[in-house]
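Quick look at final-v1.csv (CSV, C-alpha atoms and all ligand atoms):
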```csv
chain,number,residue,atom,x,y,z
M,1,MET,CA,2.5,79.4,35.5
M,2,SER,CA,-0.5,77.4,34.3
M,3,VAL,CA,-0.1,73.7,33.5
M,4,SER,CA,-0.2,74.5,29.8
M,5,GLU,CA,2.5,77.1,30.1
M,6,ASP,CA,4.7,74.7,32.1
M,7,LEU,CA,4.4,72.1,29.3
M,8,GLN,CA,5.2,74.7,26.7
M,9,ALA,CA,8.2,76.0,28.5
M,10,THR,CA,9.6,72.5,29.0
M,11,ILE,CA,9.2,71.6,25.4
M,12,ALA,CA,10.9,74.9,24.4
M,13,ASP,CA,13.8,74.1,26.7
M,14,MET,CA,14.2,70.6,25.4
M,15,VAL,CA,13.6,70.9,21.7
M,16,ASP,CA,16.0,73.2,19.9
M,17,GLY,CA,17.1,71.2,16.8
M,18,ARG,CA,20.7,70.5,18.0
M,19,ARG,CA,20.5,68.7,21.4
M,20,GLY,CA,19.3,65.3,22.6
M,21,ILE,CA,18.5,63.5,25.9
M,22,LEU,CA,20.8,61.4,28.1
M,23,ALA,CA,19.0,58.4,29.5
M,24,ALA,CA,20.6,57.7,32.9
M,25,ASP,CA,17.6,56.2,34.5
M,26,GLU,CA,18.7,52.6,34.8
M,27,SER,CA,16.7,50.8,37.4
M,28,SER,CA,18.6,49.2,40.4
M,29,GLY,CA,18.7,45.8,38.5
M,30,THR,CA,19.8,47.3,35.2
M,31,ILE,CA,22.5,49.5,36.7
M,32,ALA,CA,23.9,46.5,38.6
M,33,LYS,CA,24.2,44.7,35.2
M,34,ARG,CA,26.0,47.7,33.6
M,35,PHE,CA,28.4,47.9,36.6
M,36,ASP,CA,29.0,44.2,36.4
M,37,THR,CA,30.5,44.7,32.9
M,38,ILE,CA,33.3,46.7,34.5
M,39,GLY,CA,33.6,44.7,37.7
M,40,VAL,CA,32.1,47.4,39.9
M,41,GLU,CA,29.6,46.7,42.7
M,42,SER,CA,26.4,48.6,42.5
M,43,THR,CA,26.4,50.4,45.9
M,44,GLU,CA,24.5,53.6,46.5
M,45,GLU,CA,27.8,55.5,46.7
M,46,ASN,CA,29.1,54.1,43.4
M,47,ARG,CA,25.8,55.0,41.6
M,48,ARG,CA,25.9,58.5,43.1
M,49,PHE,CA,29.5,59.1,42.2
M,50,TYR,CA,29.1,57.8,38.6
M,51,ARG,CA,25.9,59.7,37.8
M,52,SER,CA,27.2,62.8,39.6
M,53,ALA,CA,30.3,62.7,37.3
M,54,LEU,CA,28.1,62.3,34.2
M,55,LEU,CA,25.8,65.3,35.1
M,56,SER,CA,28.7,67.6,36.0
M,57,THR,CA,30.5,67.0,32.7
M,58,GLU,CA,31.5,70.5,31.6
M,59,GLY,CA,30.0,71.5,28.3
M,60,LEU,CA,27.4,68.6,28.3
M,61,GLY,CA,24.6,71.2,28.1
M,62,ASP,CA,25.9,72.2,24.6
M,63,TYR,CA,24.7,68.8,23.2
M,64,VAL,CA,22.2,67.5,25.8
M,65,SER,CA,19.0,69.3,26.7
M,66,GLY,CA,17.4,66.8,29.1
M,67,VAL,CA,18.5,63.9,31.3
M,68,ILE,CA,16.3,61.1,32.5
M,69,LEU,CA,17.0,60.1,36.1
M,70,PHE,CA,16.1,57.2,38.3
M,71,GLU,CA,14.1,58.0,41.4
M,72,GLU,CA,17.1,57.5,43.7
M,73,THR,CA,19.2,60.0,41.7
M,74,LEU,CA,16.6,62.7,42.1
M,75,GLY,CA,17.3,62.8,45.8
M,76,GLN,CA,21.2,62.5,45.6
M,77,THR,CA,23.7,65.3,45.8
M,78,ASP,CA,27.2,65.9,44.3
M,79,ASP,CA,30.3,66.0,46.5
M,80,SER,CA,29.6,69.6,47.5
M,81,GLY,CA,26.0,68.8,48.5
M,82,THR,CA,24.2,70.2,45.5
M,83,PRO,CA,21.2,68.1,44.6
M,84,LEU,CA,21.9,66.3,41.3
M,85,PRO,CA,18.8,67.8,39.5
M,86,LYS,CA,20.2,71.2,40.3
M,87,VAL,CA,23.6,70.2,39.0
M,88,SER,CA,21.9,69.3,35.7
M,89,ALA,CA,19.6,72.3,35.5
M,90,ALA,CA,22.6,74.6,36.1
M,91,GLN,CA,24.0,73.3,32.8
M,92,GLY,CA,20.8,74.0,30.9
M,93,ILE,CA,19.9,70.3,31.0
M,94,VAL,CA,16.2,69.7,32.1
M,95,PRO,CA,15.9,67.0,34.7
M,96,GLY,CA,13.3,64.3,34.1
M,97,ILE,CA,12.3,61.1,35.8
M,98,LYS,CA,11.5,57.5,34.9
M,99,VAL,CA,8.1,56.8,36.4
M,100,ASP,CA,7.2,53.3,35.3
M,101,LYS,CA,7.8,50.5,37.8
M,102,GLY,CA,9.1,47.8,35.5
M,103,LYS,CA,7.3,45.1,33.5
M,104,GLY,CA,6.0,41.6,33.7
M,105,PRO,CA,4.0,39.2,31.5
M,106,LEU,CA,0.7,40.4,30.1
M,107,PRO,CA,-1.9,37.8,31.0
M,108,GLY,CA,-3.9,36.6,28.0
M,109,ALA,CA,-1.2,37.6,25.5
M,110,PRO,CA,1.5,34.9,25.7
M,111,GLY,CA,5.0,36.4,25.0
M,112,ASP,CA,3.9,40.0,25.4
M,113,MET,CA,4.7,42.2,28.4
M,114,ILE,CA,3.0,45.1,30.3
M,115,THR,CA,4.5,47.8,32.4
M,116,TYR,CA,3.4,48.6,36.0
M,117,GLY,CA,3.1,51.9,37.9
M,118,LEU,CA,-0.1,53.9,37.1
M,119,ASP,CA,-1.6,53.7,40.6
M,120,GLY,CA,-0.7,56.9,42.6
M,121,LEU,CA,1.2,58.4,39.6
M,122,ALA,CA,-0.3,61.9,39.9
M,123,GLU,CA,0.9,62.1,43.6
M,124,ARG,CA,4.3,60.8,42.7
M,125,LEU,CA,4.6,63.3,39.9
M,126,ASP,CA,3.8,66.1,42.4
M,127,SER,CA,6.6,65.0,44.6
M,128,TYR,CA,9.1,64.6,41.7
M,129,ARG,CA,8.3,68.1,40.5
M,130,GLU,CA,9.2,69.5,43.9
M,131,LEU,CA,12.6,67.8,43.5
M,132,GLY,CA,13.1,69.5,40.0
M,133,ALA,CA,11.7,67.0,37.5
M,134,ARG,CA,9.9,68.6,34.6
M,135,PHE,CA,9.4,65.6,32.3
M,136,ALA,CA,8.8,61.9,32.8
M,137,LYS,CA,9.4,58.7,30.9
M,138,TRP,CA,7.4,55.5,30.7
M,139,ARG,CA,8.6,52.5,28.7
M,140,GLU,CA,6.5,49.7,27.2
M,141,VAL,CA,8.4,46.8,25.6
M,142,TYR,CA,7.3,44.7,22.7
M,143,PRO,CA,9.1,41.4,22.1
M,144,VAL,CA,9.1,40.4,18.4
M,145,SER,CA,8.3,36.8,17.3
M,146,PRO,CA,6.1,35.4,14.5
M,147,THR,CA,3.1,35.8,16.8
M,148,ASN,CA,4.2,38.8,19.0
M,149,PRO,CA,3.2,41.4,19.6
M,150,THR,CA,-0.4,40.0,19.7
M,151,PRO,CA,-3.4,42.2,19.0
M,152,LEU,CA,-4.1,42.4,22.7
M,153,GLY,CA,-0.5,43.3,23.5
M,154,LEU,CA,-0.6,46.2,21.0
M,155,THR,CA,-3.9,47.5,22.5
M,156,ALA,CA,-3.0,47.1,26.2
M,157,ASN,CA,0.5,48.6,25.9
M,158,ALA,CA,-0.8,51.6,23.9
M,159,GLU,CA,-3.5,52.1,26.5
M,160,MET,CA,-0.9,52.2,29.3
M,161,LEU,CA,1.3,54.7,27.5
M,162,ALA,CA,-1.7,57.0,26.8
M,163,ARG,CA,-3.0,56.8,30.3
M,164,TYR,CA,0.4,57.7,31.7
M,165,ALA,CA,0.9,60.5,29.2
M,166,ALA,CA,-2.5,62.0,30.1
M,167,VAL,CA,-1.7,61.9,33.8
M,168,CYS,CA,1.6,63.6,33.2
M,169,GLN,CA,0.1,66.4,31.2
M,170,SER,CA,-2.6,67.0,33.8
M,171,CYS,CA,0.3,67.6,36.3
M,172,GLY,CA,2.3,69.9,34.0
M,173,VAL,CA,4.9,67.3,33.3
M,174,VAL,CA,6.0,66.5,29.7
M,175,PRO,CA,5.6,62.8,28.9
M,176,ILE,CA,8.2,60.9,27.0
M,177,VAL,CA,6.3,58.1,25.4
M,178,GLU,CA,8.6,55.1,24.9
M,179,PRO,CA,7.3,52.1,23.0
M,180,GLU,CA,10.4,49.9,22.7
M,181,VAL,CA,10.2,47.2,20.0
M,182,LEU,CA,13.0,44.8,21.2
M,183,ILE,CA,16.0,44.1,19.0
M,184,ASP,CA,16.3,40.5,20.4
M,185,GLY,CA,15.7,37.7,17.9
M,186,ASP,CA,16.4,36.9,14.3
M,187,HIS,CA,13.6,39.0,12.6
M,188,SER,CA,14.2,40.9,9.4
M,189,ILE,CA,14.4,44.7,9.1
M,190,GLU,CA,11.0,44.4,7.2
M,191,ARG,CA,9.4,42.7,10.2
M,192,SER,CA,10.9,45.3,12.6
M,193,ALA,CA,9.5,48.1,10.4
M,194,GLN,CA,6.1,46.4,10.2
M,195,VAL,CA,5.9,45.9,14.0
M,196,ASN,CA,7.1,49.5,14.8
M,197,GLU,CA,4.6,51.0,12.4
M,198,HIS,CA,1.8,49.0,13.9
M,199,VAL,CA,2.9,49.9,17.4
M,200,TRP,CA,3.0,53.6,16.6
M,201,GLN,CA,-0.4,53.6,15.0
M,202,LYS,CA,-1.9,52.0,18.0
M,203,VAL,CA,-0.1,54.3,20.4
M,204,PHE,CA,-1.3,57.5,18.6
M,205,ASP,CA,-4.8,56.2,18.4
M,206,ALA,CA,-4.8,55.7,22.2
M,207,LEU,CA,-3.1,59.1,22.7
M,208,HIS,CA,-6.0,60.7,20.7
M,209,ARG,CA,-8.6,58.9,22.7
M,210,HIS,CA,-7.1,60.0,26.0
M,211,GLY,CA,-6.9,63.6,24.8
M,212,VAL,CA,-3.1,63.9,25.1
M,213,GLN,CA,-1.8,67.1,23.5
M,214,LEU,CA,0.7,65.9,20.9
M,215,GLU,CA,2.5,69.3,20.9
M,216,PHE,CA,3.5,68.7,24.5
M,217,MET,CA,5.0,65.2,24.4
M,218,ILE,CA,8.2,63.5,23.0
M,219,LEU,CA,8.2,60.1,21.3
M,220,LYS,CA,11.0,57.8,22.1
M,221,PRO,CA,10.8,54.9,19.6
M,222,SER,CA,13.1,52.2,18.4
M,223,MET,CA,14.7,52.4,15.0
M,224,ALA,CA,13.7,49.8,12.4
M,225,THR,CA,16.7,47.4,12.4
M,226,PRO,CA,17.1,43.7,11.9
M,227,GLY,CA,17.1,41.5,15.0
M,228,LYS,CA,20.3,41.2,17.0
M,229,ALA,CA,20.9,37.7,15.7
M,230,CYS,CA,21.1,38.9,12.1
M,231,ALA,CA,23.7,40.8,10.1
M,232,LYS,CA,23.4,44.6,10.6
M,233,ALA,CA,21.7,46.7,7.9
M,234,PRO,CA,23.5,49.8,6.5
M,235,PRO,CA,22.5,53.1,8.1
M,236,GLU,CA,20.9,54.3,4.9
M,237,GLN,CA,18.5,51.3,4.9
M,238,VAL,CA,17.7,51.7,8.6
M,239,ALA,CA,16.9,55.3,8.0
M,240,GLU,CA,14.7,54.6,5.0
M,241,TYR,CA,12.6,52.0,6.7
M,242,THR,CA,12.4,54.0,9.9
M,243,MET,CA,11.4,57.2,8.2
M,244,ARG,CA,8.8,55.5,6.0
M,245,CYS,CA,7.0,54.1,9.0
M,246,LEU,CA,7.3,57.3,11.0
M,247,ARG,CA,5.7,59.3,8.2
M,248,ARG,CA,2.8,56.8,8.1
M,249,ALA,CA,2.1,56.7,11.8
M,250,VAL,CA,3.4,59.8,13.7
M,251,PRO,CA,1.5,63.1,13.4
M,252,ALA,CA,3.5,66.1,12.5
M,253,ALA,CA,2.2,67.8,15.7
M,254,VAL,CA,4.8,65.9,17.7
M,255,PRO,CA,7.7,68.2,18.2
M,256,SER,CA,10.5,65.7,18.7
M,257,ILE,CA,11.4,62.0,18.2
M,258,ASN,CA,14.2,61.0,20.4
M,259,PHE,CA,15.3,57.4,19.6
M,260,LEU,CA,16.5,54.9,22.1
M,261,SER,CA,19.6,52.9,21.3
M,262,GLY,CA,18.2,49.5,22.4
M,263,GLY,CA,21.4,47.5,22.1
M,264,GLN,CA,22.9,49.2,19.1
M,265,GLY,CA,26.5,50.0,19.6
M,266,PRO,CA,27.5,53.7,20.2
M,267,GLU,CA,28.9,54.2,16.7
M,268,GLU,CA,26.1,52.3,15.0
M,269,ALA,CA,23.4,54.3,16.8
M,270,THR,CA,25.1,57.6,15.9
M,271,ALA,CA,25.6,56.5,12.2
M,272,ASN,CA,21.9,55.5,12.0
M,273,LEU,CA,20.7,58.8,13.5
M,274,ASN,CA,22.9,60.7,11.1
M,275,ALA,CA,21.5,58.8,8.1
M,276,LEU,CA,18.0,59.7,9.3
M,277,ASN,CA,18.8,63.3,9.4
M,278,GLN,CA,20.4,63.2,5.9
M,279,LEU,CA,17.1,62.0,4.4
M,280,TRP,CA,14.5,64.6,3.3
M,281,GLN,CA,13.2,67.2,5.7
M,282,ALA,CA,11.1,65.6,8.4
M,283,PRO,CA,8.3,67.4,10.2
M,284,TRP,CA,9.7,66.5,13.6
M,285,GLN,CA,13.1,67.0,15.2
M,286,LEU,CA,15.0,63.6,14.9
M,287,SER,CA,17.2,63.3,18.0
M,288,PHE,CA,18.5,60.8,20.5
M,289,SER,CA,17.6,59.6,24.0
M,290,PHE,CA,20.3,57.0,24.3
M,291,GLY,CA,21.3,55.2,27.4
M,292,ARG,CA,23.9,52.6,26.5
M,293,ALA,CA,25.0,54.3,23.3
M,294,LEU,CA,26.0,57.4,25.2
M,295,GLN,CA,27.2,55.8,28.4
M,296,GLU,CA,29.2,52.7,27.3
M,297,PRO,CA,32.5,54.5,26.6
M,298,ALA,CA,32.1,56.6,29.8
M,299,LEU,CA,31.4,53.5,31.9
M,300,ALA,CA,34.5,51.7,30.5
M,301,ALA,CA,36.7,54.8,31.0
M,302,TRP,CA,35.5,55.2,34.7
M,303,ALA,CA,36.0,51.5,35.6
M,304,GLY,CA,34.9,52.3,39.2
M,305,GLU,CA,38.0,54.5,40.0
M,306,SER,CA,37.3,58.0,41.2
M,307,ALA,CA,40.5,59.2,39.6
M,308,ASN,CA,39.0,58.2,36.2
M,309,GLY,CA,36.0,60.6,36.6
M,310,PRO,CA,37.5,63.1,34.2
M,311,ALA,CA,38.1,60.4,31.6
M,312,ALA,CA,34.5,59.2,31.9
M,313,GLN,CA,33.3,62.8,31.4
M,314,LYS,CA,35.5,63.2,28.3
M,315,ALA,CA,34.1,60.0,26.8
M,316,LEU,CA,30.6,61.1,27.4
M,317,LEU,CA,31.1,64.5,26.0
M,318,GLN,CA,32.7,63.1,22.9
M,319,ARG,CA,29.7,60.8,22.3
M,320,ALA,CA,27.2,63.6,23.0
M,321,HIS,CA,29.1,65.8,20.5
M,322,LEU,CA,29.0,63.2,17.8
M,323,ASN,CA,25.3,62.6,18.3
M,324,HIS,CA,24.8,66.4,18.1
M,325,LEU,CA,26.6,66.3,14.7
M,326,ALA,CA,24.3,63.3,13.7
M,327,MET,CA,21.3,65.5,14.4
M,328,LEU,CA,22.7,68.0,11.9
M,329,GLY,CA,23.5,65.2,9.4
M,330,GLU,CA,27.1,66.2,9.7
M,331,TYR,CA,28.6,63.0,11.4
M,332,ASP,CA,31.2,60.9,9.7
M,333,GLU,CA,32.8,57.8,11.1
M,334,SER,CA,36.2,59.3,10.5
M,335,LEU,CA,35.4,61.6,13.4
M,336,GLU,CA,35.4,58.6,15.8
M,337,GLY,CA,38.3,58.5,18.2
M,338,ARG,CA,39.5,62.1,17.4
M,339,ASP,CA,40.4,64.3,20.3
M,340,ASP,CA,39.1,67.6,19.0
M,401,LIG,P1,19.1,52.4,25.7
M,401,LIG,O1,19.4,53.6,24.7
M,401,LIG,O2,20.3,51.8,26.3
M,401,LIG,O3,18.2,51.5,25.0
M,401,LIG,O4,18.3,53.1,26.9
M,401,LIG,C1,17.3,53.9,26.6
M,401,LIG,C2,16.2,53.8,27.6
M,401,LIG,O5,15.9,54.8,28.2
M,401,LIG,C3,15.6,52.5,27.8
M,401,LIG,O6,14.4,52.7,28.5
```
Would you give me this structure, written as structure tokens?
Ligand code: 13P
Amino acid sequence: MSVSEDLQATIADMVDGRRGILAADESSGTIAKRFDTIGVESTEENRRFYRSALLSTEGLGDYVSGVILFEETLGQTDDSGTPLPKVSAAQGIVPGIKVDKGKGPLPGAPGDMITYGLDGLAERLDSYRELGARFAKWREVYPVSPTNPTPLGLTANAEMLARYAAVCQSCGVVPIVEPEVLIDGDHSIERSAQVNEHVWQKVFDALHRHGVQLEFMILKPSMATPGKACAKAPPEQVAEYTMRCLRRAVPAAVPSINFLSGGQGPEEATANLNALNQLWQAPWQLSFSFGRALQEPALAAWAGESANGPAAQKALLQRAHLNHLAMLGEYDESLEGRDD
């Protein structure tokens, strides 16, 4: 297949109007923090066991079309020796890979961050493809303050996302472009919407300049919500602000927008996605690419005990199902906690 046919096939396998993406690509530091919350040590075997359990959840492929893996997971196997990317593909879930190498301060832009990892990216993508990865993810983060993101932060981060996306497409790998506007702080929903809109405009300007084909990428943005230190906004308001900004900044050629959860609770993220899908018809699929909002109940159910693997799988499947319903605009909070 040509590079272009590869990209087309991957988008067709991942975007079908009813499924989303499981983000299971926590870096070594982040997964250690998540395991800490349940008192489990982050050993290679614990990570393998937990992620293997998630990926082999029976029926997950009904609600999830892609999974983002961390590099280590790409090379791990399940208990019977099957590589984990194969376990996922066997369920109709396309395996993908986080390719950025973390972030640090952006010199010249106090308070802003920049992500590392462009050097040698094409070679790394070739080796990830051999292990089964068909899409990639790169995250830039934008802290919000009265002065952040700065004009330099907006430009530099957009440039990184566009350069990464262009390299991915040249290798036949679909890029997930993730500009995460952080929820930390006491900013208003208006400020969050303003920053998100500005970020997306800059990102799409850079994507155009770098010749990225919008038809063969997925956008993974934050929703417009008030900062974590403020009272939560009702889902209808989150949906309205988010949709207004998306319509202003995101071209209709983008096939799918898969939101991150970014610190929203599982039920909150699902309710917000549902409200978005209850608004007027959008030109893009509005879906999920949640990490914490899909995994939190599964992690708690597992608690580091191998006997709890099936309970963790049940919790994951339930969240995935509810988010599938949210994509259809058919979620209701009365469905929470029900066993059917
Ligand atoms: P959260 O949904 O937990 O924010 O994770 C999504 C993700 O992939 C962050 O890069």
Exercise. Contacts of Ala32 in chain M at 8 Å or less, counting all atoms listed in the file, minus same-chain residues fewer than 4 places along, as a VMD selection string?
Worked result: chain M and resid 28 36 41 to 42
Limited to C-alpha atoms, could you put the picked residues into a file as a compact mmCIF listing (two decimals), keeping the file's coordinate frame?
```txt
# COMPACT_ATOMS: atom_id res chain seq x y z
CA SER M 28 18.60 49.20 40.40
CA ASP M 36 29.00 44.20 36.40
CA GLU M 41 29.60 46.70 42.70
CA SER M 42 26.40 48.60 42.50
```
Using only C-alpha atoms, what does the table of range 232-270 of chain M residues within 8 Å of range 208-226 of chain M look like, with each row giving the shortest atom pair and its distance in Å to one decimal, sorted by chain and ascending number, as a tab-separated table?
```
residue	atom	partner	partner_atom	distance
M:Lys232	CA	M:Pro226	CA	6.5
M:Ala233	CA	M:Thr225	CA	6.8
M:Val238	CA	M:Thr225	CA	5.8
M:Ala239	CA	M:Ala224	CA	7.7
M:Tyr241	CA	M:Ala224	CA	6.2
M:Thr242	CA	M:Ala224	CA	5.1
M:Ala253	CA	M:Glu215	CA	5.4
M:Val254	CA	M:Leu214	CA	5.2
M:Pro255	CA	M:Glu215	CA	6.0
M:Ser256	CA	M:Ile218	CA	5.3
M:Ile257	CA	M:Leu219	CA	4.8
M:Asn258	CA	M:Lys220	CA	4.8
M:Phe259	CA	M:Lys220	CA	5.0
M:Leu260	CA	M:Ser222	CA	5.7
M:Ser261	CA	M:Ser222	CA	7.2
M:Gly262	CA	M:Ser222	CA	7.0
```
Exercise. Smallest atom-to-atom distance to ligand LIG 401 (chain M): which of M:Leu316, M:Leu294, M:Leu125, M:Leu60, using all atoms listed in the file?
Worked result: M:Leu294
Exercise. So how many Å separate CA of Leu182 in chain M and CA of Ala252 in chain M, to one decimal?
Worked result: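 It comes out at 24.9 Å.
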Exercise. Pick from M:Thr150, M:Ser145, M:Ala90, M:Leu54: nearest to Pro107 in chain M, with only C-alpha atoms counted?
Worked result: M:Thr150
Residues at most 7 Å from ligand LIG 401 (chain M), using all atoms listed in the file? Could they come as a PDB file with C-alpha atoms, in the coordinates of the input?
```
ATOM      1  CA  ALA M  23      19.000  58.400  29.500  1.00  0.00           C
ATOM      2  CA  ASP M  25      17.600  56.200  34.500  1.00  0.00           C
ATOM      3  CA  ARG M 139       8.600  52.500  28.700  1.00  0.00           C
ATOM      4  CA  LEU M 260      16.500  54.900  22.100  1.00  0.00           C
ATOM      5  CA  SER M 261      19.600  52.900  21.300  1.00  0.00           C
ATOM      6  CA  GLY M 262      18.200  49.500  22.400  1.00  0.00           C
ATOM      7  CA  GLY M 263      21.400  47.500  22.100  1.00  0.00           C
ATOM      8  CA  SER M 289      17.600  59.600  24.000  1.00  0.00           C
ATOM      9  CA  PHE M 290      20.300  57.000  24.300  1.00  0.00           C
ATOM     10  CA  GLY M 291      21.300  55.200  27.400  1.00  0.00           C
ATOM     11  CA  ARG M 292      23.900  52.600  26.500  1.00  0.00           C
ATOM     12  CA  ALA M 293      25.000  54.300  23.300  1.00  0.00           C
TER      13      ALA M 293
END
```
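Considering only C-alpha atoms, the residue among M:Gly17, M:Gly111, M:Gly96, M:Pro251 positioned nearest to Leu325 in chain M is M:Gly17.
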Exercise. Hey, which of M:Gly172, M:Gly227, M:Gly120, M:Gly81 ends up closest to His187 in chain M? Count only C-alpha atoms.
Worked result: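 Under the stated criterion, the closest residue is M:Gly227.
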Exercise. Leaving out Tyr164 in chain M and any residue of its chain fewer than 3 positions from it, which residues lie within 9 Å of it when counting only C-alpha atoms, given as a ChimeraX atom specification?
Worked result: /M:100,117-118,121,138,159-161,167-169,175,177
For this session: Kindly indicate which residue among M:Phe288, M:Phe49, M:Phe35, M:Tyr331 lies nearest to Gly20 in chain M, using all atoms listed in the file for the distances.
Result: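 Answer, going by the shortest atom-to-atom distance: M:Phe288.
Residue neighbourhood of Ala326 in chain M, excluding near-sequence residues (fewer than 3 positions): M:Leu273, M:Asn274, M:Asn323, M:Gly329, M:Glu330, M:Tyr331, at 6 Å, using all atoms listed in the file.
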Exercise. If we count only C-alpha atoms, what is near Met14 in chain M at a cut-off of 7 Å, once residues fewer than 2 positions away on the same chain are taken out, given as a PyMOL selection string?
Worked result: chain M and resi 10-12+16+65-66
For this session: Considering all atoms listed in the file, state which residue in the set M:Ala229, M:Leu328, M:Ile38, M:Val250 is at the smallest distance from Ala271 in chain M.
Result: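 Closest to Ala271 in chain M of all the choices is M:Leu328.
One distance worth recording is that between CA of Glu240 in chain M and CA of Val181 in chain M, which is 17.3 Å.
CA of Ser4 in chain M lies 29.3 Å from CA of Thr82 in chain M.
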Problem set entry | Distance query Cys245 in chain M at most 8 Å, all atoms listed in the file, self and fewer than 3 positions along chain excluded, as a PyMOL selection string | chain M and resi 193-194+196-197+241-242+248-249
For this session: May I have the protein, DNA and RNA residues with any atom at most 12 Å from the point (33.9, 57.1, 29.1), counting only C-alpha atoms, written as a PyMOL selection string?
Result: chain M and resi 38+50+53-54+57+266+292-305+308-320+337
